Structure formats: structure tokens, C-alpha cells
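Have a look at work-v3.pdb below; it lists PDB, C-alpha atoms.
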```
MODEL        1
ATOM      1  CA  MET G 412       4.922 -87.929   3.782
ATOM      2  CA  GLN G 413       4.790 -85.146   6.347
ATOM      3  CA  ALA G 414       8.543 -84.495   5.865
ATOM      4  CA  PHE G 415       7.981 -83.981   2.135
ATOM      5  CA  GLU G 416       5.159 -81.506   2.765
ATOM      6  CA  ALA G 417       7.051 -79.493   5.398
ATOM      7  CA  PRO G 418       8.861 -76.312   4.299
ATOM      8  CA  ALA G 419      12.407 -77.269   3.309
ATOM      9  CA  ALA G 420      13.766 -73.816   2.462
ATOM     10  CA  ARG G 421      12.906 -70.185   1.790
ATOM     11  CA  LEU G 422      13.110 -68.470  -1.567
ATOM     12  CA  VAL G 423      14.551 -65.003  -0.922
ATOM     13  CA  ALA G 424      14.339 -62.130  -3.408
ATOM     14  CA  ARG G 425      14.392 -58.333  -3.365
ATOM     15  CA  ASP G 426      10.575 -58.243  -3.453
ATOM     16  CA  GLY G 427      10.035 -60.676  -0.574
ATOM     17  CA  GLU G 428      10.350 -64.338   0.336
ATOM     18  CA  ARG G 429       8.262 -67.505   0.514
ATOM     19  CA  LEU G 430       8.622 -71.023   1.846
ATOM     20  CA  LEU G 431       9.408 -73.916  -0.480
ATOM     21  CA  ARG G 432       8.518 -77.593  -0.178
ATOM     22  CA  LEU G 433      11.052 -80.253  -1.146
ATOM     23  CA  GLU G 434       9.364 -80.916  -4.482
ATOM     24  CA  GLU G 435       9.556 -77.208  -5.333
ATOM     25  CA  ILE G 436      13.275 -77.198  -4.563
ATOM     26  CA  GLU G 437      13.810 -80.193  -6.836
ATOM     27  CA  LEU G 438      11.993 -78.368  -9.652
ATOM     28  CA  LEU G 439      14.155 -75.315  -9.038
ATOM     29  CA  PHE G 440      17.330 -77.412  -9.189
ATOM     30  CA  ALA G 441      16.131 -78.909 -12.482
ATOM     31  CA  SER G 442      15.536 -75.467 -14.004
ATOM     32  CA  HIS G 443      17.997 -73.192 -15.789
ATOM     33  CA  ALA G 444      18.251 -70.853 -12.800
ATOM     34  CA  LEU G 445      21.479 -69.799 -11.120
ATOM     35  CA  ILE G 446      20.858 -70.930  -7.552
ATOM     36  CA  ILE G 447      22.597 -69.423  -4.541
ATOM     37  CA  ASP G 448      22.050 -72.111  -1.924
ATOM     38  CA  ALA G 449      22.395 -70.735   1.604
ATOM     39  CA  CYS G 450      21.387 -74.102   3.077
ATOM     40  CA  ARG G 451      24.795 -75.430   2.025
ATOM     41  CA  ASN G 452      26.687 -72.263   1.038
ATOM     42  CA  VAL G 453      27.120 -73.310  -2.573
ATOM     43  CA  VAL G 454      26.293 -71.852  -5.988
ATOM     44  CA  ARG G 455      24.482 -74.150  -8.405
ATOM     45  CA  ALA G 456      24.044 -73.785 -12.155
ATOM     46  CA  ASN G 457      22.412 -76.650 -14.018
ATOM     47  CA  LYS G 458      24.446 -79.686 -12.871
ATOM     48  CA  ALA G 459      27.537 -77.727 -11.880
ATOM     49  CA  ILE G 460      28.236 -76.597  -8.349
ATOM     50  CA  ALA G 461      30.796 -74.286  -6.743
ATOM     51  CA  PHE G 462      31.451 -74.895  -3.060
ATOM     52  CA  LEU G 463      31.854 -71.737  -0.978
ATOM     53  CA  ALA G 464      31.185 -73.197   2.471
ATOM     54  CA  SER G 465      34.820 -72.702   3.470
ATOM     55  CA  ARG G 466      34.798 -69.146   2.057
ATOM     56  CA  PRO G 467      32.009 -67.457   4.051
ATOM     57  CA  VAL G 468      32.881 -63.906   2.972
ATOM     58  CA  LEU G 469      32.594 -64.824  -0.698
ATOM     59  CA  PHE G 470      29.310 -66.608  -0.138
ATOM     60  CA  ALA G 471      27.922 -63.678   1.868
ATOM     61  CA  LEU G 472      28.765 -61.337  -1.016
ATOM     62  CA  MET G 473      27.165 -63.739  -3.494
ATOM     63  CA  ARG G 474      24.008 -63.951  -1.430
ATOM     64  CA  VAL G 475      23.634 -60.181  -1.224
ATOM     65  CA  LEU G 476      24.153 -59.877  -4.973
ATOM     66  CA  GLY G 477      21.624 -62.650  -5.579
ATOM     67  CA  GLU G 478      19.002 -61.086  -3.332
ATOM     68  CA  ALA G 479      19.414 -57.755  -5.132
ATOM     69  CA  TRP G 480      19.228 -59.302  -8.635
ATOM     70  CA  PRO G 481      18.362 -58.084 -11.251
ATOM     71  CA  GLY G 482      19.322 -54.807  -9.600
ATOM     72  CA  ASP G 483      22.634 -53.937  -8.019
ATOM     73  CA  ALA G 484      23.695 -54.162  -4.387
ATOM     74  CA  SER G 485      25.233 -51.133  -2.730
ATOM     75  CA  ARG G 486      28.777 -51.201  -1.395
ATOM     76  CA  GLU G 487      27.417 -50.302   2.038
ATOM     77  CA  GLU G 488      25.119 -53.337   2.155
ATOM     78  CA  LEU G 489      27.819 -55.655   0.867
ATOM     79  CA  LEU G 490      30.241 -54.424   3.511
ATOM     80  CA  ALA G 491      27.667 -54.589   6.294
ATOM     81  CA  ARG G 492      26.609 -58.156   5.597
ATOM     82  CA  ALA G 493      29.870 -59.721   4.424
ATOM     83  CA  PHE G 494      32.279 -57.927   6.760
ATOM     84  CA  ARG G 495      29.776 -57.011   9.491
ATOM     85  CA  THR G 496      30.836 -53.412   9.635
ATOM     86  CA  ARG G 497      29.018 -50.122   9.158
ATOM     87  CA  ASP G 498      31.942 -47.842   9.976
ATOM     88  CA  VAL G 499      33.339 -47.968   6.471
ATOM     89  CA  ASP G 500      36.738 -46.552   5.553
ATOM     90  CA  GLU G 501      38.988 -46.869   2.513
ATOM     91  CA  SER G 502      40.568 -50.092   3.803
ATOM     92  CA  HIS G 503      37.146 -51.757   3.844
ATOM     93  CA  ARG G 504      36.428 -50.586   0.305
ATOM     94  CA  ALA G 505      39.803 -51.928  -0.817
ATOM     95  CA  ARG G 506      39.102 -55.297   0.787
ATOM     96  CA  LEU G 507      35.684 -55.376  -0.879
ATOM     97  CA  ARG G 508      37.307 -54.956  -4.288
ATOM     98  CA  VAL G 509      39.733 -57.787  -3.514
ATOM     99  CA  GLU G 510      36.984 -60.148  -2.346
ATOM    100  CA  ILE G 511      34.767 -59.293  -5.314
ATOM    101  CA  GLY G 512      37.709 -60.223  -7.560
ATOM    102  CA  ARG G 513      38.017 -63.569  -5.787
ATOM    103  CA  LEU G 514      34.290 -64.146  -6.111
ATOM    104  CA  ARG G 515      34.425 -63.389  -9.842
ATOM    105  CA  GLU G 516      37.036 -66.123 -10.223
ATOM    106  CA  ALA G 517      35.051 -68.614  -8.126
ATOM    107  CA  ILE G 518      31.823 -68.237 -10.125
ATOM    108  CA  LYS G 519      33.170 -67.467 -13.584
ATOM    109  CA  PHE G 520      31.749 -70.709 -14.924
ATOM    110  CA  ARG G 521      28.190 -69.350 -14.731
ATOM    111  CA  ALA G 522      28.075 -65.664 -13.743
ATOM    112  CA  GLU G 523      29.843 -62.320 -13.940
ATOM    113  CA  ILE G 524      29.943 -59.380 -11.539
ATOM    114  CA  HIS G 525      30.008 -55.829 -12.834
ATOM    115  CA  ALA G 526      30.716 -52.593 -10.969
ATOM    116  CA  THR G 527      27.974 -49.968 -10.913
ATOM    117  CA  GLU G 528      27.901 -46.415  -9.656
ATOM    118  CA  ARG G 529      26.680 -47.467  -6.209
ATOM    119  CA  GLY G 530      27.984 -51.026  -5.955
ATOM    120  CA  PHE G 531      27.976 -54.262  -7.933
ATOM    121  CA  VAL G 532      25.481 -56.232  -9.992
ATOM    122  CA  LEU G 533      25.290 -59.945 -10.778
ATOM    123  CA  GLU G 534      24.873 -61.123 -14.368
ATOM    124  CA  ALA G 535      23.877 -64.752 -14.792
ATOM    125  CA  LEU G 536      25.342 -66.520 -17.833
ATOM    126  CA  GLN G 537      23.219 -69.113 -19.632
ATOM    127  CA  ALA G 538      20.567 -68.803 -16.922
ATOM    128  CA  ASP G 539      17.133 -67.256 -17.104
ATOM    129  CA  ASN G 540      16.784 -66.505 -13.407
ATOM    130  CA  VAL G 541      18.695 -66.067 -10.159
ATOM    131  CA  ALA G 542      17.290 -67.694  -7.036
ATOM    132  CA  VAL G 543      18.497 -67.473  -3.449
ATOM    133  CA  ILE G 544      17.334 -70.279  -1.170
ATOM    134  CA  ALA G 545      17.918 -70.226   2.572
ATOM    135  CA  PRO G 546      16.949 -72.415   5.535
ATOM    136  CA  PRO G 547      13.344 -71.975   6.704
ATOM    137  CA  ILE G 548      14.699 -70.489   9.922
ATOM    138  CA  GLU G 549      18.116 -68.869  10.328
ATOM    139  CA  ASP G 550      19.322 -68.670  13.907
ATOM    140  CA  GLU G 551      22.437 -67.240  15.517
ATOM    141  CA  HIS G 552      24.418 -70.396  14.752
ATOM    142  CA  GLY G 553      23.261 -70.606  11.140
ATOM    143  CA  GLU G 554      26.752 -70.300   9.631
ATOM    144  CA  VAL G 555      28.050 -73.258  11.636
ATOM    145  CA  LEU G 556      24.955 -75.304  10.824
ATOM    146  CA  ALA G 557      25.339 -74.503   7.107
ATOM    147  CA  LEU G 558      28.850 -75.994   7.118
ATOM    148  CA  LEU G 559      27.750 -79.066   9.045
ATOM    149  CA  ALA G 560      24.868 -79.606   6.606
ATOM    150  CA  ASP G 561      27.245 -80.785   3.861
ATOM    151  CA  GLY G 562      27.166 -84.242   5.459
ATOM    152  CA  GLU G 563      30.902 -84.340   6.248
ATOM    153  CA  GLY G 564      32.315 -84.542   9.743
ATOM    154  CA  TRP G 565      33.937 -81.234  10.821
ATOM    155  CA  SER G 566      36.391 -80.646  13.646
ATOM    156  CA  SER G 567      35.835 -77.536  15.738
ATOM    157  CA  SER G 568      39.222 -76.178  14.636
ATOM    158  CA  ALA G 569      38.313 -76.599  10.956
ATOM    159  CA  LEU G 570      35.029 -74.787  11.532
ATOM    160  CA  ALA G 571      36.828 -71.932  13.280
ATOM    161  CA  LEU G 572      39.260 -71.633  10.382
ATOM    162  CA  ALA G 573      36.491 -71.690   7.756
ATOM    163  CA  LEU G 574      34.443 -69.033   9.577
ATOM    164  CA  ASP G 575      37.442 -66.936  10.638
ATOM    165  CA  VAL G 576      36.373 -66.924  14.285
ATOM    166  CA  SER G 577      37.931 -68.178  17.508
ATOM    167  CA  PRO G 578      37.719 -71.866  18.489
ATOM    168  CA  ARG G 579      35.879 -70.815  21.644
ATOM    169  CA  THR G 580      33.201 -69.059  19.577
ATOM    170  CA  VAL G 581      32.732 -72.178  17.449
ATOM    171  CA  GLN G 582      32.567 -74.428  20.485
ATOM    172  CA  ARG G 583      29.850 -72.285  22.046
ATOM    173  CA  ALA G 584      27.889 -72.513  18.799
ATOM    174  CA  LEU G 585      28.347 -76.302  18.634
ATOM    175  CA  ASP G 586      27.244 -76.706  22.248
ATOM    176  CA  GLY G 587      24.160 -74.597  21.512
ATOM    177  CA  LEU G 588      23.313 -76.601  18.397
ATOM    178  CA  ALA G 589      23.797 -79.861  20.302
ATOM    179  CA  GLU G 590      21.459 -78.680  23.058
ATOM    180  CA  ASP G 591      18.843 -77.858  20.410
ATOM    181  CA  GLY G 592      19.256 -81.265  18.786
ATOM    182  CA  LYS G 593      20.643 -79.771  15.573
ATOM    183  CA  ALA G 594      24.185 -81.164  15.774
ATOM    184  CA  GLU G 595      25.957 -84.164  17.258
ATOM    185  CA  TRP G 596      29.530 -85.360  17.607
ATOM    186  CA  PHE G 597      31.364 -88.649  17.248
ATOM    187  CA  GLY G 598      34.924 -89.810  17.980
ATOM    188  CA  ARG G 599      37.314 -89.282  20.857
ATOM    189  CA  VAL G 600      38.185 -85.818  22.141
ATOM    190  CA  ARG G 601      41.199 -85.109  19.896
ATOM    191  CA  ALA G 602      39.544 -86.683  16.868
ATOM    192  CA  ARG G 603      36.028 -85.441  17.584
ATOM    193  CA  ARG G 604      33.950 -84.544  14.537
ATOM    194  CA  TRP G 605      30.622 -82.756  14.315
ATOM    195  CA  ILE G 606      27.740 -83.290  11.897
ATOM    196  CA  ALA G 607      24.254 -81.860  11.539
ATOM    197  CA  THR G 608      21.420 -84.051  12.746
ATOM    198  CA  SER G 609      18.199 -84.438  10.789
ATOM    199  CA  VAL G 610      16.656 -81.081  11.607
ATOM    200  CA  PRO G 611      13.011 -80.552  10.552
ATOM    201  CA  GLY G 612      12.925 -78.192   7.618
ATOM    202  CA  PHE G 613      16.421 -79.035   6.386
ATOM    203  CA  PRO G 614      16.555 -81.414   3.394
ATOM    204  CA  THR G 615      19.162 -84.133   3.814
ATOM    205  CA  SER G 616      21.864 -84.720   1.224
ATOM    206  CA  LEU G 617      20.207 -88.011   0.291
ATOM    207  CA  LEU G 618      17.052 -86.189  -0.809
ATOM    208  CA  LEU G 619      18.769 -83.601  -2.959
ATOM    209  CA  PRO G 620      19.638 -84.180  -6.620
ATOM    210  CA  ALA G 621      23.194 -85.227  -7.438
ATOM    211  CA  VAL G 622      25.440 -82.607  -9.014
ATOM    212  CA  ASP G 623      28.786 -82.386 -10.761
ATOM    213  CA  VAL G 624      31.572 -80.556  -8.967
ATOM    214  CA  VAL G 625      33.249 -77.468 -10.415
ATOM    215  CA  GLY G 626      36.212 -75.863  -8.697
TER
ENDMDL
END
```
Now, as a test, write the supplied structure out as C-alpha cells.
Amino acid sequence: MQAFEAPAARLVARDGERLLRLEEIELLFASHALIIDACRNVVRANKAIAFLASRPVLFALMRVLGEAWPGDASREELLARAFRTRDVDESHRARLRVEIGRLREAIKFRAEIHATERGFVLEALQADNVAVIAPPIEDEHGEVLALLADGEGWSSSALALALDVSPRTVQRALDGLAEDGKAEWFGRVRARRWIATSVPGFPTSLLLPAVDVVG
């Protein structure tokens, strides 16, 4: 029972954040909200789900837009958080437009993105709310852990490709997560795969409601 009472996620919004228990997450999933799930890097709408775990830039943009909802997010904040740059030039702005276009296509089943004078704003379709949920604690290896949390075994090379970082960077993150008891591996060296362990505060896939897959 203690696992069910422990915080399983955080609800993040422009006016603050609060911890959620597992039962509160289940109620949220059953609602008509558009849910941006940073525990798994997916976007949920009713029983449909769009997987963005292998497209971290798109998910980062979606999260910023969700946290700013119902207002808009500035181009500067989108660039800083999705591309990790503050020295913005025209090439960055051009890339932002391209990635926003890709995000529009990925989420068109439940939301639209409109340009504003200072940035972009998210419009939820057939949803009465937008909710961003994130792990209770986000550490320096959070992006790797988010991918591992989908329950599938990942190779280090696949993780590096998905996150657009070097294999050495991923391996350091995996070693750190393993030391903290948050990840473990199985298989021989060339076929080694990594998965997330049962980390307190992270709901397992078996506890979360089933969903239909979209795109």
C-alpha cells in the first residue's frame, strides 16, 4: 500500500507544480485532458497515445508548450530548452520552425500549434485541459531514464541515436543510473540491453492504464 500512496509524478503548470499519487494519475488518464507525459515522453489524449521517446527535441518542445498553456511559449524559451542554446541566430530560428512543423504532424490527432507574436501556443482539440506530468525527481540522467521507462530493452547505441548524443555520454549515464539502482542490464556484451529498475516514485507499466497506439 505504501507504493500506492507514494508520489508517482509531478503535475507541472505555468502557475506551479504539485505531486501526484498513482490514483490521481489514473483519474487524470481517464479524463478528457491532453496529457504530456514526461515520465515516458509520450502525448496522451483519451485512449490514444503518440510516442515521442525517440524524438527528444519534439517532446521537449511539446513539454514547454504544455507548461505554458493556455498562454504561449516564447521562441527563446523553446530554443533554450529544446536545443539547449541561448546564443540564438537565424539558423536556430529556422530549425525551430522545422521542428515545430514536425511536431504539428506528430500530434495532429489531438492538438494544433499556432504561431504568436513572441512564439507558439498549443491548442488542444476535443480536450478541456492540458496537463504536463513529470517524474517526482528529475536528475541529470532523466532523459535516458525516461527512454528506459517504456519497459523495452534498449542498447546503448540505440539510446545514443535517440538522444542525439555520443555513445560515451550514454554509457556514462547508464553507469550512473546502474550505480544508483535505477537501471540494470542483461545479455552478453554485444547484445547487452538496458532497462529501468523499479525506482520508487516511478509507476511501472503494469500499473498504468492500457492505451491505443497512434502514429
Exactly which residues make up the result of the PyMOL selection byres ((chain G and resi 514-516) around 12) on this file, given as a JSON list (two decimals) with C-alpha atoms, in the frame of the given file?
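expr_16.json, freshly written:
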```
[["chain", "number", "residue", "atom", "x", "y", "z"],
["G", 454, "VAL", "CA", 26.29, -71.85, -5.99],
["G", 461, "ALA", "CA", 30.80, -74.29, -6.74],
["G", 462, "PHE", "CA", 31.45, -74.90, -3.06],
["G", 463, "LEU", "CA", 31.85, -71.74, -0.98],
["G", 466, "ARG", "CA", 34.80, -69.15, 2.06],
["G", 467, "PRO", "CA", 32.01, -67.46, 4.05],
["G", 468, "VAL", "CA", 32.88, -63.91, 2.97],
["G", 469, "LEU", "CA", 32.59, -64.82, -0.70],
["G", 470, "PHE", "CA", 29.31, -66.61, -0.14],
["G", 471, "ALA", "CA", 27.92, -63.68, 1.87],
["G", 472, "LEU", "CA", 28.76, -61.34, -1.02],
["G", 473, "MET", "CA", 27.16, -63.74, -3.49],
["G", 474, "ARG", "CA", 24.01, -63.95, -1.43],
["G", 476, "LEU", "CA", 24.15, -59.88, -4.97],
["G", 507, "LEU", "CA", 35.68, -55.38, -0.88],
["G", 508, "ARG", "CA", 37.31, -54.96, -4.29],
["G", 509, "VAL", "CA", 39.73, -57.79, -3.51],
["G", 510, "GLU", "CA", 36.98, -60.15, -2.35],
["G", 511, "ILE", "CA", 34.77, -59.29, -5.31],
["G", 512, "GLY", "CA", 37.71, -60.22, -7.56],
["G", 513, "ARG", "CA", 38.02, -63.57, -5.79],
["G", 517, "ALA", "CA", 35.05, -68.61, -8.13],
["G", 518, "ILE", "CA", 31.82, -68.24, -10.12],
["G", 519, "LYS", "CA", 33.17, -67.47, -13.58],
["G", 520, "PHE", "CA", 31.75, -70.71, -14.92],
["G", 521, "ARG", "CA", 28.19, -69.35, -14.73],
["G", 522, "ALA", "CA", 28.08, -65.66, -13.74],
["G", 523, "GLU", "CA", 29.84, -62.32, -13.94],
["G", 524, "ILE", "CA", 29.94, -59.38, -11.54],
["G", 525, "HIS", "CA", 30.01, -55.83, -12.83],
["G", 526, "ALA", "CA", 30.72, -52.59, -10.97],
["G", 531, "PHE", "CA", 27.98, -54.26, -7.93],
["G", 532, "VAL", "CA", 25.48, -56.23, -9.99],
["G", 533, "LEU", "CA", 25.29, -59.94, -10.78],
["G", 534, "GLU", "CA", 24.87, -61.12, -14.37],
["G", 535, "ALA", "CA", 23.88, -64.75, -14.79],
["G", 625, "VAL", "CA", 33.25, -77.47, -10.42],
["G", 626, "GLY", "CA", 36.21, -75.86, -8.70]]
```
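The residue that comes closest to Pro481 in chain G, out of G:Ile446, G:Ala459, G:Val453, G:Ala424 and on the basis of all atoms listed in the file, is G:Ala424.
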Exercise. What gap, in Å, lies between CA of Ala573 in chain G and CA of Leu439 in chain G?
Worked result: 28.2 Å
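In this structure, CA of Gly553 in chain G sits 13.2 Å away from CA of Asp448 in chain G.
Once the PyMOL selection byres ((chain G and resi 557-567) around 8) is applied to this file, the selection holds Ala449, Cys450, Arg451, Asn452, Ala464, Ser465, Gly553, Glu554, Val555, Leu556, Ser568, Ala569, Leu570, Ala571, Pro578, Val581, Gln582, Ala594, Ala602, Arg603, Arg604, Trp605, Ile606, Ala607, Thr615 and Ser616 of chain G.
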Seminar exercise, completed: Expressed in Å, the length from CA of Ala493 in chain G to CA of Leu574 in chain G is 11.6 Å
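Shortest separation to Leu431 in chain G among G:His552, G:Leu585, G:Ala542, G:Phe597 occurs at residue G:Ala542, atoms counted being only C-alpha atoms.
Each of G:Val543, G:Ile447, G:Ala456, G:Leu588 was compared to Glu428 in chain G using only C-alpha atoms, and G:Val543 turns out to be the nearest.
Shortest atom-to-atom contact with Asn540 in chain G among G:Ala444, G:Leu438, G:Leu433, G:Gly427: G:Ala444, counting only C-alpha atoms.
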Size and centre in Å, one decimal, axis-aligned box, all listed range 506-509 of chain G atoms plus 6 Å per side, as JSON:
```
{"center_x": 37.7, "center_y": -56.4, "center_z": -1.8, "size_x": 16.0, "size_y": 14.8, "size_z": 17.1}
```
Kindly add all heavy atoms to the incomplete range 433-444 of chain G and provide the output as a PDB file, in the frame of the given file.
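What ended up in out_22.pdb:
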```pdb
ATOM      1  N   LEU G 433       9.947 -79.513  -0.532  1.00  0.00           N
ATOM      2  CA  LEU G 433      11.052 -80.253  -1.146  1.00  0.00           C
ATOM      3  C   LEU G 433      10.841 -80.423  -2.646  1.00  0.00           C
ATOM      4  O   LEU G 433      11.779 -80.278  -3.436  1.00  0.00           O
ATOM      5  CB  LEU G 433      11.209 -81.607  -0.464  1.00  0.00           C
ATOM      6  CG  LEU G 433      12.431 -82.425  -0.889  1.00  0.00           C
ATOM      7  CD1 LEU G 433      13.712 -81.687  -0.572  1.00  0.00           C
ATOM      8  CD2 LEU G 433      12.418 -83.791  -0.212  1.00  0.00           C
ATOM      9  N   GLU G 434       9.626 -80.707  -3.057  1.00  0.00           N
ATOM     10  CA  GLU G 434       9.364 -80.916  -4.482  1.00  0.00           C
ATOM     11  C   GLU G 434       9.591 -79.629  -5.276  1.00  0.00           C
ATOM     12  O   GLU G 434      10.036 -79.672  -6.427  1.00  0.00           O
ATOM     13  CB  GLU G 434       7.946 -81.426  -4.704  1.00  0.00           C
ATOM     14  CG  GLU G 434       6.854 -80.465  -4.268  1.00  0.00           C
ATOM     15  CD  GLU G 434       5.464 -81.027  -4.490  1.00  0.00           C
ATOM     16  OE1 GLU G 434       5.319 -82.271  -4.529  1.00  0.00           O
ATOM     17  OE2 GLU G 434       4.521 -80.233  -4.619  1.00  0.00           O
ATOM     18  N   GLU G 435       9.321 -78.478  -4.656  1.00  0.00           N
ATOM     19  CA  GLU G 435       9.556 -77.208  -5.333  1.00  0.00           C
ATOM     20  C   GLU G 435      11.054 -76.937  -5.474  1.00  0.00           C
ATOM     21  O   GLU G 435      11.495 -76.364  -6.475  1.00  0.00           O
ATOM     22  CB  GLU G 435       8.885 -76.071  -4.558  1.00  0.00           C
ATOM     23  CG  GLU G 435       7.366 -76.139  -4.546  1.00  0.00           C
ATOM     24  CD  GLU G 435       6.748 -75.043  -3.707  1.00  0.00           C
ATOM     25  OE1 GLU G 435       6.986 -75.040  -2.480  1.00  0.00           O
ATOM     26  OE2 GLU G 435       6.046 -74.184  -4.266  1.00  0.00           O
ATOM     27  N   ILE G 436      11.827 -77.355  -4.481  1.00  0.00           N
ATOM     28  CA  ILE G 436      13.275 -77.198  -4.563  1.00  0.00           C
ATOM     29  C   ILE G 436      13.843 -78.069  -5.670  1.00  0.00           C
ATOM     30  O   ILE G 436      14.709 -77.646  -6.443  1.00  0.00           O
ATOM     31  CB  ILE G 436      13.936 -77.551  -3.215  1.00  0.00           C
ATOM     32  CG1 ILE G 436      13.477 -76.582  -2.131  1.00  0.00           C
ATOM     33  CG2 ILE G 436      15.455 -77.530  -3.325  1.00  0.00           C
ATOM     34  CD1 ILE G 436      13.969 -76.921  -0.751  1.00  0.00           C
ATOM     35  N   GLU G 437      13.340 -79.294  -5.784  1.00  0.00           N
ATOM     36  CA  GLU G 437      13.810 -80.193  -6.836  1.00  0.00           C
ATOM     37  C   GLU G 437      13.511 -79.618  -8.220  1.00  0.00           C
ATOM     38  O   GLU G 437      14.330 -79.711  -9.139  1.00  0.00           O
ATOM     39  CB  GLU G 437      13.163 -81.567  -6.666  1.00  0.00           C
ATOM     40  CG  GLU G 437      13.652 -82.309  -5.419  1.00  0.00           C
ATOM     41  CD  GLU G 437      12.924 -83.619  -5.191  1.00  0.00           C
ATOM     42  OE1 GLU G 437      11.800 -83.767  -5.727  1.00  0.00           O
ATOM     43  OE2 GLU G 437      13.460 -84.485  -4.497  1.00  0.00           O
ATOM     44  N   LEU G 438      12.336 -79.002  -8.388  1.00  0.00           N
ATOM     45  CA  LEU G 438      11.993 -78.368  -9.652  1.00  0.00           C
ATOM     46  C   LEU G 438      12.917 -77.190  -9.935  1.00  0.00           C
ATOM     47  O   LEU G 438      13.331 -76.966 -11.081  1.00  0.00           O
ATOM     48  CB  LEU G 438      10.532 -77.906  -9.636  1.00  0.00           C
ATOM     49  CG  LEU G 438       9.472 -79.005  -9.692  1.00  0.00           C
ATOM     50  CD1 LEU G 438       8.082 -78.406  -9.504  1.00  0.00           C
ATOM     51  CD2 LEU G 438       9.555 -79.763 -11.005  1.00  0.00           C
ATOM     52  N   LEU G 439      13.253 -76.447  -8.881  1.00  0.00           N
ATOM     53  CA  LEU G 439      14.155 -75.315  -9.038  1.00  0.00           C
ATOM     54  C   LEU G 439      15.538 -75.782  -9.455  1.00  0.00           C
ATOM     55  O   LEU G 439      16.174 -75.215 -10.352  1.00  0.00           O
ATOM     56  CB  LEU G 439      14.229 -74.526  -7.726  1.00  0.00           C
ATOM     57  CG  LEU G 439      15.015 -73.210  -7.741  1.00  0.00           C
ATOM     58  CD1 LEU G 439      14.409 -72.225  -8.735  1.00  0.00           C
ATOM     59  CD2 LEU G 439      15.041 -72.599  -6.342  1.00  0.00           C
ATOM     60  N   PHE G 440      16.018 -76.866  -8.842  1.00  0.00           N
ATOM     61  CA  PHE G 440      17.330 -77.412  -9.189  1.00  0.00           C
ATOM     62  C   PHE G 440      17.356 -77.920 -10.629  1.00  0.00           C
ATOM     63  O   PHE G 440      18.401 -77.917 -11.274  1.00  0.00           O
ATOM     64  CB  PHE G 440      17.700 -78.549  -8.238  1.00  0.00           C
ATOM     65  CG  PHE G 440      18.122 -78.096  -6.865  1.00  0.00           C
ATOM     66  CD1 PHE G 440      18.417 -79.018  -5.879  1.00  0.00           C
ATOM     67  CD2 PHE G 440      18.209 -76.752  -6.554  1.00  0.00           C
ATOM     68  CE1 PHE G 440      18.809 -78.609  -4.614  1.00  0.00           C
ATOM     69  CE2 PHE G 440      18.589 -76.330  -5.296  1.00  0.00           C
ATOM     70  CZ  PHE G 440      18.890 -77.253  -4.324  1.00  0.00           C
ATOM     71  N   ALA G 441      16.211 -78.381 -11.117  1.00  0.00           N
ATOM     72  CA  ALA G 441      16.131 -78.909 -12.482  1.00  0.00           C
ATOM     73  C   ALA G 441      15.952 -77.813 -13.525  1.00  0.00           C
ATOM     74  O   ALA G 441      16.008 -78.090 -14.723  1.00  0.00           O
ATOM     75  CB  ALA G 441      14.989 -79.908 -12.585  1.00  0.00           C
ATOM     76  N   SER G 442      15.752 -76.583 -13.084  1.00  0.00           N
ATOM     77  CA  SER G 442      15.536 -75.467 -14.004  1.00  0.00           C
ATOM     78  C   SER G 442      16.868 -74.909 -14.492  1.00  0.00           C
ATOM     79  O   SER G 442      17.934 -75.418 -14.146  1.00  0.00           O
ATOM     80  CB  SER G 442      14.737 -74.364 -13.308  1.00  0.00           C
ATOM     81  OG  SER G 442      15.547 -73.695 -12.348  1.00  0.00           O
ATOM     82  N   HIS G 443      16.788 -73.847 -15.286  1.00  0.00           N
ATOM     83  CA  HIS G 443      17.997 -73.192 -15.789  1.00  0.00           C
ATOM     84  C   HIS G 443      18.374 -71.974 -14.939  1.00  0.00           C
ATOM     85  O   HIS G 443      19.050 -71.072 -15.427  1.00  0.00           O
ATOM     86  CB  HIS G 443      17.793 -72.777 -17.244  1.00  0.00           C
ATOM     87  CG  HIS G 443      17.662 -73.933 -18.183  1.00  0.00           C
ATOM     88  ND1 HIS G 443      18.715 -74.784 -18.474  1.00  0.00           N
ATOM     89  CD2 HIS G 443      16.599 -74.411 -18.870  1.00  0.00           C
ATOM     90  CE1 HIS G 443      18.312 -75.710 -19.307  1.00  0.00           C
ATOM     91  NE2 HIS G 443      17.027 -75.512 -19.565  1.00  0.00           N
ATOM     92  N   ALA G 444      17.948 -71.975 -13.689  1.00  0.00           N
ATOM     93  CA  ALA G 444      18.251 -70.853 -12.800  1.00  0.00           C
ATOM     94  C   ALA G 444      19.652 -70.988 -12.201  1.00  0.00           C
ATOM     95  O   ALA G 444      20.166 -72.096 -12.012  1.00  0.00           O
ATOM     96  CB  ALA G 444      17.223 -70.780 -11.678  1.00  0.00           C
TER      97      ALA G 444
END
```
